[in-house]
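**Q** My file is entry-v2.cif. It has mmCIF, C-alpha atoms:
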```cif
data_final
loop_
_atom_site.group_PDB
_atom_site.id
_atom_site.type_symbol
_atom_site.label_atom_id
_atom_site.label_comp_id
_atom_site.auth_asym_id
_atom_site.auth_seq_id
_atom_site.Cartn_x
_atom_site.Cartn_y
_atom_site.Cartn_z
ATOM 1 C CA PHE K 1 125.800 44.819 133.375
ATOM 2 C CA PHE K 2 124.416 43.404 130.117
ATOM 3 C CA GLU K 3 127.971 42.676 128.936
ATOM 4 C CA LYS K 4 128.492 40.497 132.012
ATOM 5 C CA SER K 5 125.192 38.615 131.579
ATOM 6 C CA ASN K 6 126.467 35.818 129.339
ATOM 7 C CA ASN K 7 124.166 32.992 130.340
ATOM 8 C CA ALA K 8 120.429 32.512 130.226
ATOM 9 C CA HIS K 9 120.170 32.101 133.978
ATOM 10 C CA ARG K 10 121.555 35.606 134.675
ATOM 11 C CA ARG K 11 119.529 37.138 131.831
ATOM 12 C CA GLY K 12 116.401 35.621 133.306
ATOM 13 C CA LYS K 13 117.351 36.948 136.756
ATOM 14 C CA LEU K 14 117.841 40.424 135.299
ATOM 15 C CA PHE K 15 114.445 40.290 133.568
ATOM 16 C CA LEU K 16 112.776 39.195 136.787
ATOM 17 C CA SER K 17 114.477 41.936 138.768
ATOM 18 C CA ILE K 18 113.374 44.650 136.351
ATOM 19 C CA LYS K 19 109.831 43.336 136.426
ATOM 20 C CA MET K 20 109.750 43.249 140.225
ATOM 21 C CA ILE K 21 111.261 46.697 140.601
ATOM 22 C CA SER K 22 108.538 48.120 138.374
ATOM 23 C CA SER K 23 105.795 46.126 140.118
ATOM 24 C CA LYS K 24 104.268 46.372 143.557
ATOM 25 C CA ALA K 25 106.632 43.806 145.109
ATOM 26 C CA SER K 26 107.479 44.316 148.759
ATOM 27 C CA PHE K 27 110.248 46.665 149.726
ATOM 28 C CA ALA K 28 112.216 43.831 151.370
ATOM 29 C CA SER K 29 112.061 41.743 148.184
ATOM 30 C CA LYS K 30 113.371 44.616 146.119
ATOM 31 C CA ARG K 31 116.240 45.163 148.542
ATOM 32 C CA LYS K 32 117.282 41.480 148.309
ATOM 33 C CA LEU K 33 117.180 41.515 144.525
ATOM 34 C CA LEU K 34 119.168 44.712 144.284
ATOM 35 C CA HIS K 35 121.774 43.350 146.677
ATOM 36 C CA LEU K 36 122.057 40.150 144.651
ATOM 37 C CA LEU K 37 122.373 41.908 141.327
ATOM 38 C CA SER K 38 124.581 44.839 142.235
ATOM 39 C CA PRO K 39 125.929 45.759 145.679
ATOM 40 C CA SER K 40 126.757 49.243 144.420
ATOM 41 C CA ILE K 41 123.164 49.857 143.436
ATOM 42 C CA PHE K 42 121.957 48.414 146.720
ATOM 43 C CA SER K 43 124.165 50.718 148.750
ATOM 44 C CA SER K 44 122.682 53.756 147.039
ATOM 45 C CA ALA K 45 119.148 52.507 147.542
ATOM 46 C CA SER K 46 119.439 51.141 151.080
ATOM 47 C CA SER K 47 118.959 54.550 152.634
ATOM 48 C CA LEU K 48 115.551 55.021 151.044
ATOM 49 C CA PRO K 49 112.595 55.174 153.452
ATOM 50 C CA GLU K 50 110.449 52.083 153.467
ATOM 51 C CA ASN K 51 107.318 53.982 152.445
ATOM 52 C CA ASN K 52 109.032 55.218 149.274
ATOM 53 C CA PRO K 53 108.825 52.630 146.433
ATOM 54 C CA ILE K 54 112.057 52.007 144.550
ATOM 55 C CA THR K 55 111.911 53.258 141.011
ATOM 56 C CA ALA K 56 114.393 53.736 138.224
ATOM 57 C CA THR K 57 114.769 57.393 139.182
ATOM 58 C CA THR K 58 115.434 56.786 142.885
ATOM 59 C CA ILE K 59 118.323 54.408 142.212
ATOM 60 C CA LYS K 60 119.883 56.368 139.354
ATOM 61 C CA LYS K 61 123.561 56.947 139.994
ATOM 62 C CA THR K 62 124.388 60.561 140.857
ATOM 63 C CA THR K 63 127.190 62.001 138.761
ATOM 64 C CA PRO K 64 128.432 65.551 138.205
ATOM 65 C CA SER K 65 126.439 65.655 134.982
ATOM 66 C CA THR K 66 123.196 64.973 136.863
ATOM 67 C CA ILE K 67 123.792 67.650 139.509
ATOM 68 C CA SER K 68 122.475 71.085 138.572
ATOM 69 C CA SER K 69 124.990 73.840 139.177
ATOM 70 C CA HIS K 70 122.075 76.298 139.299
ATOM 71 C CA SER K 71 121.731 76.382 143.097
ATOM 72 C CA LEU K 72 118.977 79.008 143.032
ATOM 73 C CA SER K 73 115.965 76.804 142.237
ATOM 74 C CA THR K 74 113.047 77.050 144.626
ATOM 75 C CA THR K 75 111.862 74.613 147.260
ATOM 76 C CA THR K 76 108.785 74.850 149.443
ATOM 77 C CA THR K 77 110.705 76.973 151.962
ATOM 78 C CA THR K 78 112.855 79.087 149.660
ATOM 79 C CA PRO K 79 111.813 82.760 149.583
ATOM 80 C CA ILE K 80 110.540 83.717 146.156
ATOM 81 C CA VAL K 81 109.858 86.927 144.278
ATOM 82 C CA GLU K 82 106.931 87.287 141.901
ATOM 83 C CA LEU K 83 107.031 89.799 139.058
ATOM 84 C CA ARG K 84 103.641 90.634 137.589
ATOM 85 C CA GLN K 85 103.065 92.753 134.488
ATOM 86 C CA TYR K 86 99.638 93.957 133.399
ATOM 87 C CA HIS K 87 99.540 95.606 129.990
ATOM 88 C CA LEU K 88 96.792 98.238 130.118
ATOM 89 C CA HIS K 89 94.712 99.798 127.381
ATOM 90 C CA PRO K 90 95.966 103.397 126.964
ATOM 91 C CA SER K 91 92.464 104.800 127.321
ATOM 92 C CA GLN K 92 91.966 102.923 130.611
ATOM 93 C CA THR K 93 95.324 103.512 132.321
ATOM 94 C CA ALA K 94 94.135 106.535 134.308
ATOM 95 C CA HIS K 95 91.081 104.647 135.587
ATOM 96 C CA TYR K 96 93.177 101.620 136.512
ATOM 97 C CA THR K 97 95.717 103.788 138.340
ATOM 98 C CA GLN K 98 93.014 105.594 140.304
ATOM 99 C CA GLN K 99 91.186 102.417 141.357
ATOM 100 C CA THR K 100 94.437 100.627 142.202
ATOM 101 C CA THR K 101 95.607 103.498 144.391
ATOM 102 C CA LEU K 102 92.280 103.610 146.240
ATOM 103 C CA SER K 103 92.419 99.869 146.919
ATOM 104 C CA SER K 104 96.124 99.835 147.807
ATOM 105 C CA PRO K 105 95.597 99.415 151.600
ATOM 106 C CA LEU K 106 93.837 96.120 150.936
ATOM 107 C CA ARG K 107 96.653 94.943 148.668
ATOM 108 C CA THR K 108 99.454 95.876 151.056
ATOM 109 C CA SER K 109 97.664 94.431 154.097
ATOM 110 C CA HIS K 110 97.341 91.013 152.435
ATOM 111 C CA LEU K 111 100.356 90.721 150.146
ATOM 112 C CA PRO K 112 104.095 91.442 150.714
ATOM 113 C CA LEU K 113 104.257 94.160 148.063
ATOM 114 C CA ALA K 114 107.764 95.474 147.397
ATOM 115 C CA LEU K 115 107.269 97.608 144.290
ATOM 116 C CA PHE K 116 104.396 98.954 142.244
ATOM 117 C CA ALA K 117 105.459 101.105 139.299
ATOM 118 C CA TYR K 118 104.734 102.165 135.722
ATOM 119 C CA PRO K 119 107.303 102.338 132.874
ATOM 120 C CA GLU K 120 108.497 105.799 131.909
ATOM 121 C CA THR K 121 110.795 104.746 129.054
ATOM 122 C CA GLY K 122 112.813 101.765 127.877
ATOM 123 C CA SER K 123 112.083 98.192 126.806
ATOM 124 C CA LEU K 124 108.988 97.610 128.948
ATOM 125 C CA PRO K 125 105.811 98.665 127.108
ATOM 126 C CA LEU K 126 104.218 101.892 128.285
ATOM 127 C CA ASN K 127 100.876 101.631 130.095
ATOM 128 C CA THR K 128 102.069 98.585 132.021
ATOM 129 C CA ALA K 129 101.450 98.024 135.722
ATOM 130 C CA PHE K 130 104.631 96.422 137.035
ATOM 131 C CA HIS K 131 104.433 94.970 140.540
ATOM 132 C CA VAL K 132 106.831 92.891 142.612
ATOM 133 C CA TYR K 133 106.087 90.743 145.669
ATOM 134 C CA HIS K 134 108.515 89.089 148.086
ATOM 135 C CA TYR K 135 107.242 85.877 149.730
ATOM 136 C CA PRO K 136 109.585 84.682 152.530
ATOM 137 C CA GLY K 137 107.521 81.493 152.839
ATOM 138 C CA GLY K 138 107.893 80.583 149.181
ATOM 139 C CA LEU K 139 105.276 79.214 146.839
ATOM 140 C CA SER K 140 103.017 77.885 149.591
ATOM 141 C CA GLU K 141 102.823 81.305 151.251
ATOM 142 C CA ARG K 142 102.046 82.907 147.910
ATOM 143 C CA ALA K 143 99.165 80.485 147.312
ATOM 144 C CA THR K 144 97.752 81.023 150.816
ATOM 145 C CA LEU K 145 97.902 84.820 150.770
ATOM 146 C CA ARG K 146 96.495 85.158 147.274
ATOM 147 C CA THR K 147 93.602 82.851 148.149
ATOM 148 C CA GLN K 148 92.805 84.915 151.237
ATOM 149 C CA LEU K 149 92.838 88.137 149.245
ATOM 150 C CA ALA K 150 90.678 86.645 146.491
ATOM 151 C CA ASN K 151 87.972 85.902 149.079
ATOM 152 C CA GLU K 152 87.720 89.535 150.191
ATOM 153 C CA THR K 153 84.509 91.210 148.971
ATOM 154 C CA GLU K 154 86.258 94.559 148.526
ATOM 155 C CA TRP K 155 88.925 92.922 146.370
ATOM 156 C CA LYS K 156 86.308 91.288 144.198
ATOM 157 C CA GLU K 157 84.740 94.699 143.613
ATOM 158 C CA TYR K 158 88.119 96.162 142.726
ATOM 159 C CA LEU K 159 88.789 93.413 140.173
ATOM 160 C CA LYS K 160 85.385 93.978 138.648
ATOM 161 C CA ASN K 161 86.239 97.667 138.198
ATOM 162 C CA VAL K 162 89.655 97.147 136.580
ATOM 163 C CA LYS K 163 89.307 93.882 134.664
ATOM 164 C CA GLY K 164 88.333 95.698 131.478
ATOM 165 C CA CYS K 165 91.469 97.874 131.672
ATOM 166 C CA MET K 166 93.865 94.969 131.148
ATOM 167 C CA MET K 167 94.787 93.577 127.740
ATOM 168 C CA GLU K 168 97.398 91.083 128.918
ATOM 169 C CA GLN K 169 98.728 89.699 132.206
ATOM 170 C CA ARG K 170 102.074 88.033 132.870
ATOM 171 C CA SER K 171 103.644 86.498 135.960
ATOM 172 C CA GLY K 172 107.077 85.036 136.649
ATOM 173 C CA ILE K 173 108.788 83.562 139.702
ATOM 174 C CA PHE K 174 112.307 84.656 140.650
ATOM 175 C CA VAL K 175 114.764 84.166 143.481
ATOM 176 C CA GLU K 176 117.124 86.770 144.876
ATOM 177 C CA ALA K 177 120.782 86.110 144.131
ATOM 178 C CA LYS K 178 123.151 86.189 147.091
ATOM 179 C CA ILE K 179 125.645 88.882 146.163
ATOM 180 C CA GLY K 180 127.270 89.020 149.605
ATOM 181 C CA LEU K 181 127.374 92.800 149.951
ATOM 182 C CA ASP K 182 125.880 94.836 152.790
ATOM 183 C CA ASP K 183 125.122 97.599 150.272
ATOM 184 C CA VAL K 184 122.419 95.384 148.710
ATOM 185 C CA LYS K 185 119.526 95.271 151.172
ATOM 186 C CA GLY K 186 117.166 92.990 149.248
ATOM 187 C CA LEU K 187 113.427 93.342 148.707
ATOM 188 C CA LYS K 188 112.354 92.237 152.192
ATOM 189 C CA TYR K 189 113.968 95.353 153.654
ATOM 190 C CA TYR K 190 111.718 97.586 151.556
ATOM 191 C CA VAL K 191 108.609 95.511 152.286
ATOM 192 C CA ASP K 192 109.275 95.901 156.016
ATOM 193 C CA ASN K 193 110.412 99.538 155.742
ATOM 194 C CA PRO K 194 108.249 101.445 153.239
ATOM 195 C CA ARG K 195 110.285 104.409 151.975
ATOM 196 C CA LYS K 196 109.164 107.614 153.698
ATOM 197 C CA VAL K 197 111.086 110.703 154.757
ATOM 198 C CA GLY K 198 109.672 113.267 157.140
ATOM 199 C CA GLY K 199 106.178 111.891 156.687
ATOM 200 C CA ALA K 200 106.185 112.592 152.940
ATOM 201 C CA THR K 201 106.855 110.062 150.230
ATOM 202 C CA ASP K 202 109.686 110.678 147.795
ATOM 203 C CA SER K 203 108.156 109.087 144.693
ATOM 204 C CA THR K 204 107.741 112.341 142.748
ATOM 205 C CA LYS K 205 111.346 112.378 141.536
ATOM 206 C CA SER K 206 112.749 108.947 142.287
ATOM 207 C CA ILE K 207 112.943 106.264 139.603
ATOM 208 C CA ILE K 208 113.497 102.526 139.467
ATOM 209 C CA GLU K 209 115.948 101.298 136.857
ATOM 210 C CA LEU K 210 115.333 97.743 135.672
ATOM 211 C CA ARG K 211 118.221 96.112 133.826
ATOM 212 C CA LYS K 212 117.517 92.751 132.195
ATOM 213 C CA TYR K 213 120.099 90.197 131.028
ATOM 214 C CA GLN K 214 118.868 87.295 128.897
ATOM 215 C CA LEU K 215 121.605 84.675 129.161
ATOM 216 C CA GLN K 216 122.511 81.699 127.012
ATOM 217 C CA LEU K 217 120.989 78.312 127.802
ATOM 218 C CA GLY K 218 122.849 75.967 130.134
ATOM 219 C CA TYR K 219 123.002 75.059 133.810
ATOM 220 C CA ASP K 220 126.338 76.804 134.313
ATOM 221 C CA THR K 221 125.475 80.129 132.675
ATOM 222 C CA VAL K 222 123.761 81.810 135.619
ATOM 223 C CA PRO K 223 126.379 80.752 138.209
ATOM 224 C CA LYS K 224 129.132 82.026 135.895
ATOM 225 C CA PHE K 225 127.279 85.306 135.479
ATOM 226 C CA LEU K 226 126.848 85.753 139.223
ATOM 227 C CA SER K 227 130.490 84.933 139.914
ATOM 228 C CA ILE K 228 131.717 87.555 137.436
ATOM 229 C CA TYR K 229 129.086 90.074 138.481
ATOM 230 C CA SER K 230 129.706 89.781 142.233
ATOM 231 C CA GLN K 231 133.438 90.294 141.752
ATOM 232 C CA ALA K 232 133.025 93.401 139.576
ATOM 233 C CA LEU K 233 130.051 94.966 141.377
ATOM 234 C CA PRO K 234 131.911 96.484 144.387
ATOM 235 C CA TYR K 235 134.007 98.569 142.003
ATOM 236 C CA LYS K 236 130.850 99.960 140.401
ATOM 237 C CA LEU K 237 129.162 100.729 143.704
ATOM 238 C CA ARG K 238 132.215 102.566 144.998
ATOM 239 C CA ALA K 239 133.025 104.432 141.800
ATOM 240 C CA PRO K 240 133.979 108.082 142.488
ATOM 241 C CA ASN K 241 131.179 110.550 141.703
ATOM 242 C CA THR K 242 128.416 107.932 142.001
ATOM 243 C CA HIS K 243 125.240 109.774 143.000
ATOM 244 C CA SER K 244 124.374 109.548 146.695
ATOM 245 C CA THR K 245 120.828 108.319 145.984
ATOM 246 C CA THR K 246 121.851 105.408 143.763
ATOM 247 C CA GLU K 247 121.110 102.034 145.402
ATOM 248 C CA LEU K 248 121.233 98.503 144.072
ATOM 249 C CA VAL K 249 118.035 97.044 145.508
ATOM 250 C CA THR K 250 118.412 93.406 144.459
ATOM 251 C CA VAL K 251 119.475 90.978 141.752
ATOM 252 C CA LEU K 252 116.822 88.506 140.615
ATOM 253 C CA VAL K 253 117.219 85.193 138.784
ATOM 254 C CA SER K 254 114.275 83.566 137.013
ATOM 255 C CA ASP K 255 112.973 80.245 138.302
ATOM 256 C CA VAL K 256 109.574 79.902 136.602
ATOM 257 C CA GLY K 257 108.960 81.598 133.272
ATOM 258 C CA SER K 258 111.637 82.705 130.829
ATOM 259 C CA LEU K 259 114.671 80.907 132.254
ATOM 260 C CA ASN K 260 118.249 82.182 132.517
ATOM 261 C CA THR K 261 116.940 85.710 132.939
ATOM 262 C CA VAL K 262 118.614 88.066 135.401
ATOM 263 C CA TYR K 263 117.269 91.433 136.574
ATOM 264 C CA GLU K 264 119.133 94.186 138.356
ATOM 265 C CA VAL K 265 116.812 96.532 140.268
ATOM 266 C CA TRP K 266 118.294 99.981 140.976
ATOM 267 C CA LYS K 267 116.818 103.001 142.724
ATOM 268 C CA HIS K 268 117.906 106.548 141.808
ATOM 269 C CA GLY K 269 116.829 109.983 142.996
ATOM 270 C CA GLY K 270 114.297 111.059 145.578
ATOM 271 C CA PHE K 271 115.855 111.367 149.009
ATOM 272 C CA GLY K 272 119.329 109.947 149.472
ATOM 273 C CA VAL K 273 120.316 107.577 152.240
ATOM 274 C CA ASP K 274 122.304 110.359 153.924
ATOM 275 C CA ASP K 275 119.673 113.111 153.611
ATOM 276 C CA ALA K 276 118.246 114.545 156.831
ATOM 277 C CA ASP K 277 114.609 113.840 157.609
ATOM 278 C CA GLU K 278 113.724 117.508 157.832
ATOM 279 C CA GLY K 279 114.363 120.043 155.115
ATOM 280 C CA ALA K 280 116.051 117.667 152.652
ATOM 281 C CA SER K 281 115.511 118.365 148.981
ATOM 282 C CA MET K 282 114.698 115.602 146.520
ATOM 283 C CA HIS K 283 117.027 114.675 143.691
ATOM 284 C CA CYS K 284 115.967 114.005 140.107
ATOM 285 C CA GLY K 285 116.122 110.266 139.442
ATOM 286 C CA MET K 286 117.052 110.506 135.762
ATOM 287 C CA GLU K 287 119.943 112.857 136.501
ATOM 288 C CA ALA K 288 121.132 110.666 139.362
ATOM 289 C CA MET K 289 121.016 107.557 137.156
ATOM 290 C CA GLU K 290 123.007 109.233 134.384
ATOM 291 C CA GLN K 291 125.614 110.520 136.833
ATOM 292 C CA SER K 292 126.094 107.077 138.392
ATOM 293 C CA ARG K 293 126.275 105.331 135.032
ATOM 294 C CA GLN K 294 128.926 107.738 133.787
ATOM 295 C CA ALA K 295 130.909 107.187 136.987
ATOM 296 C CA SER K 296 130.941 103.390 136.601
ATOM 297 C CA ARG K 297 131.988 103.509 132.950
ATOM 298 C CA GLY K 298 135.328 104.919 133.990
ATOM 299 C CA ILE K 299 136.134 101.972 136.277
ATOM 300 C CA GLN K 300 138.364 99.408 134.571
ATOM 301 C CA GLU K 301 137.371 96.477 136.809
ATOM 302 C CA TRP K 302 133.685 97.023 136.045
ATOM 303 C CA ARG K 303 134.360 97.347 132.312
ATOM 304 C CA GLU K 304 136.290 94.075 132.350
ATOM 305 C CA GLY K 305 133.469 92.356 134.227
ATOM 306 C CA ILE K 306 130.867 93.530 131.733
ATOM 307 C CA ALA K 307 133.083 92.349 128.860
ATOM 308 C CA GLU K 308 133.050 88.830 130.356
ATOM 309 C CA ILE K 309 129.304 88.976 131.028
ATOM 310 C CA ALA K 310 128.713 89.958 127.403
ATOM 311 C CA LYS K 311 130.093 86.573 126.344
ATOM 312 C CA LEU K 312 127.299 84.861 128.307
ATOM 313 C CA ALA K 313 124.428 87.125 127.235
ATOM 314 C CA ILE K 314 121.982 86.935 124.348
ATOM 315 C CA SER K 315 120.452 90.363 124.932
ATOM 316 C CA PHE K 316 120.458 93.246 127.380
ATOM 317 C CA GLU K 317 117.559 95.640 128.048
ATOM 318 C CA SER K 318 116.860 98.478 130.431
ATOM 319 C CA SER K 319 113.731 100.307 131.545
ATOM 320 C CA VAL K 320 112.978 103.282 133.769
ATOM 321 C CA LEU K 321 109.884 103.071 135.974
ATOM 322 C CA LYS K 322 108.072 105.582 138.162
ATOM 323 C CA PRO K 323 106.945 104.137 141.508
ATOM 324 C CA SER K 324 103.341 104.625 142.534
ATOM 325 C CA GLU K 325 102.621 106.664 145.644
ATOM 326 C CA PHE K 326 101.805 103.512 147.650
ATOM 327 C CA SER K 327 104.872 101.530 146.512
ATOM 328 C CA PRO K 328 107.106 100.562 149.489
ATOM 329 C CA LEU K 329 110.150 100.862 147.222
ATOM 330 C CA LYS K 330 110.399 104.371 145.804
#
```
Please, can you express the file's structure as structure tokens?
**A**
Amino acid sequence: FFEKSNNAHRRGKLFLSIKMISSKASFASKRKLLHLLSPSIFSSASSLPENNPITATTIKKTTPSTISSHSLSTTTTTPIVELRQYHLHPSQTAHYTQQTTLSSPLRTSHLPLALFAYPETGSLPLNTAFHVYHYPGGLSERATLRTQLANETEWKEYLKNVKGCMMEQRSGIFVEAKIGLDDVKGLKYYVDNPRKVGGATDSTKSIIELRKYQLQLGYDTVPKFLSIYSQALPYKLRAPNTHSTTELVTVLVSDVGSLNTVYEVWKHGGFGVDDADEGASMHCGMEAMEQSRQASRGIQEWREGIAEIAKLAISFESSVLKPSEFSPLK
């Protein structure tokens, strides 16, 4: 536009238009100026509501470079997942665990708890309380429910009892990736259907395997990862000799916190999905995990998928966690 402004009259008109657009001029005046100066700009701005002032950002031309290919970012109505990690002092872990178990009915009655677990081995520090919440109503629901819980007298007493146990607290917001497989139930299923068999929980032998991919920076990295992953995953899930208790619970993508982070959440051991309610024996989670991992390593399609994913990754970590007795996912 500047290249076409070769006379003082048009330069003065441009200066005036910029000044008016940035001022509190009426909406109608701005529309007339924009139409005079550039019909193409006017057409993109004409659909704006009249109670929304025109600014440089609202009339910016949309191009492929300005459109994020990361389609997983949250809105006010997008379901979110919160991962919270509390690093405990080793001498206070037993006290924290006891008090947290006693107060668990209050937690689960107010918050959509999906998982509460403690690391057994792996990259997560030991003596860490790892809890996961699924909020169908997004960030606004999270704020509302946490405020309600914070006002409970019993909860205040609980926090007073355990505050001294914690050395560090972390929180991150994630969204569940849409893998498109019926085998992957998602966290809401476990919130709504706490895992019980025959009236007894199966947390004594089951484990949760947490696999973390830290990906390279870039808007396209996560979509590329998910495309490769979703194509290779069915071959892993259907690998011969995969243990009957192995389940992929969900795949999470970071939205607030350390970005371009992807978590796989797997469940191994305990009671299998095909075990009868009565008289079924529990399976060792560690043995089930190892059996399933060995089975997938022999599948060429999965190996090829992981080779492509490796090109996108900065690091890869895994952890094994033991679910608490009140954890819905176990």
**Q** How far is it from CA of Ala129 (chain K) to CA of Ala117 (chain K), in Å with one decimal?
**A**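 Value for the CA of Ala129 (chain K)-CA of Ala117 (chain K) distance: 6.2 Å.
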**Q** Evaluate the PyMOL selection byres ((chain K and resi 93) around 12) here and jot the selected residues down as a count of residues only.
**A** 25
**Q** (132.9, 100.1, 135.5) in this file's frame - what residues fall within 12 Å of it? Use all atoms listed in the file and give the answer as a PDB file with C-alpha atoms, keeping the file's coordinate frame.
**A**
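The result, stored in result03.pdb:
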```
ATOM      1  CA  TYR K 229     129.086  90.074 138.481  1.00  0.00           C
ATOM      2  CA  GLN K 231     133.438  90.294 141.752  1.00  0.00           C
ATOM      3  CA  ALA K 232     133.025  93.401 139.576  1.00  0.00           C
ATOM      4  CA  LEU K 233     130.051  94.966 141.377  1.00  0.00           C
ATOM      5  CA  PRO K 234     131.911  96.484 144.387  1.00  0.00           C
ATOM      6  CA  TYR K 235     134.007  98.569 142.003  1.00  0.00           C
ATOM      7  CA  LYS K 236     130.850  99.960 140.401  1.00  0.00           C
ATOM      8  CA  LEU K 237     129.162 100.729 143.704  1.00  0.00           C
ATOM      9  CA  ARG K 238     132.215 102.566 144.998  1.00  0.00           C
ATOM     10  CA  ALA K 239     133.025 104.432 141.800  1.00  0.00           C
ATOM     11  CA  PRO K 240     133.979 108.082 142.488  1.00  0.00           C
ATOM     12  CA  THR K 242     128.416 107.932 142.001  1.00  0.00           C
ATOM     13  CA  SER K 292     126.094 107.077 138.392  1.00  0.00           C
ATOM     14  CA  ARG K 293     126.275 105.331 135.032  1.00  0.00           C
ATOM     15  CA  GLN K 294     128.926 107.738 133.787  1.00  0.00           C
ATOM     16  CA  ALA K 295     130.909 107.187 136.987  1.00  0.00           C
ATOM     17  CA  SER K 296     130.941 103.390 136.601  1.00  0.00           C
ATOM     18  CA  ARG K 297     131.988 103.509 132.950  1.00  0.00           C
ATOM     19  CA  GLY K 298     135.328 104.919 133.990  1.00  0.00           C
ATOM     20  CA  ILE K 299     136.134 101.972 136.277  1.00  0.00           C
ATOM     21  CA  GLN K 300     138.364  99.408 134.571  1.00  0.00           C
ATOM     22  CA  GLU K 301     137.371  96.477 136.809  1.00  0.00           C
ATOM     23  CA  TRP K 302     133.685  97.023 136.045  1.00  0.00           C
ATOM     24  CA  ARG K 303     134.360  97.347 132.312  1.00  0.00           C
ATOM     25  CA  GLU K 304     136.290  94.075 132.350  1.00  0.00           C
ATOM     26  CA  GLY K 305     133.469  92.356 134.227  1.00  0.00           C
ATOM     27  CA  ILE K 306     130.867  93.530 131.733  1.00  0.00           C
ATOM     28  CA  ALA K 307     133.083  92.349 128.860  1.00  0.00           C
TER      29      ALA K 307
END
```
**Q** Extract, using all atoms listed in the file, all DNA, RNA and protein residues at most 8 Å from Leu83 (chain K), discarding same-chain residues fewer than 4 positions from it, and format them as a PyMOL selection string.
**A** chain K and resi 130-133+171-174
**Q** Assuming the chain letters and numbering stay as they are in my file, what does the PyMOL selection byres ((chain K and resi 251-257) around 7) actually select? List them as an MDAnalysis selection string.
**A** chainID K and resid 73 172:177 250 258:265
**Q** Let me make sure I understand: among K:Ser230, K:Gln214, K:Gln85, K:Thr77, which one has the smallest atom-to-atom distance to Glu317 (chain K) if we use only C-alpha atoms?
**A**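 Counting only C-alpha atoms, the residue closest to Glu317 (chain K) is K:Gln214.
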**Q** Could you tell me how far CA of Lys212 (chain K) sits from CA of Glu287 (chain K), in Å to one decimal place?
**A** 20.7 Å
**Q** Rounded to one decimal in Å, what is the spacing between CA of Met289 (chain K) and CA of His268 (chain K)?
**A**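 These two atoms are separated by 5.7 Å.
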**Q** Would you translate the PyMOL selection byres ((chain K and resi 217) around 12) into the concrete set of residues it matches in this file, as a PyMOL selection string?
**A** chain K and resi 70+214-216+218-223+258-261+312-314
**Q** Between K:Thr245, K:Pro105, K:Glu82, K:Ser319, which one has atoms that come closest to Ala143 (chain K), using only C-alpha atoms?
**A**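 Closest candidate: K:Glu82.
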**Q** Looking at K:Asn193, K:Ser103, K:Asn161, K:Ser244, which one is nearest to Lys267 (chain K), with distances taken over only C-alpha atoms?
**A**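 When distances to Lys267 (chain K) are compared using only C-alpha atoms, the smallest one comes from K:Ser244.
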**Q** With only C-alpha atoms as the counted atoms, please give the residues lying no more than 7 Å from Trp266 (chain K), apart from itself and same-chain residues fewer than 3 positions off, as a list in words.
**A**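 Here the answer would be Ile208, Glu209, Leu210, Glu247, Leu248 and Val249 of chain K.
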**Q** Applying 12 Å and only C-alpha atoms, which residues near Leu113 (chain K) remain after dropping the ones on its own chain fewer than 3 positions away? List them as a ChimeraX atom specification.
**A** /K:81-84,104-110,116-117,130-136,142,145-146,187-194,324,326-329
**Q** Looking at all atoms listed in the file, which of K:Ser206, K:Gln148, K:Gln169, K:Thr246 is the one that sits closest to Cys284 (chain K)?
**A**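 Among K:Ser206, K:Gln148, K:Gln169, K:Thr246, it is K:Ser206 that comes nearest to Cys284 (chain K).
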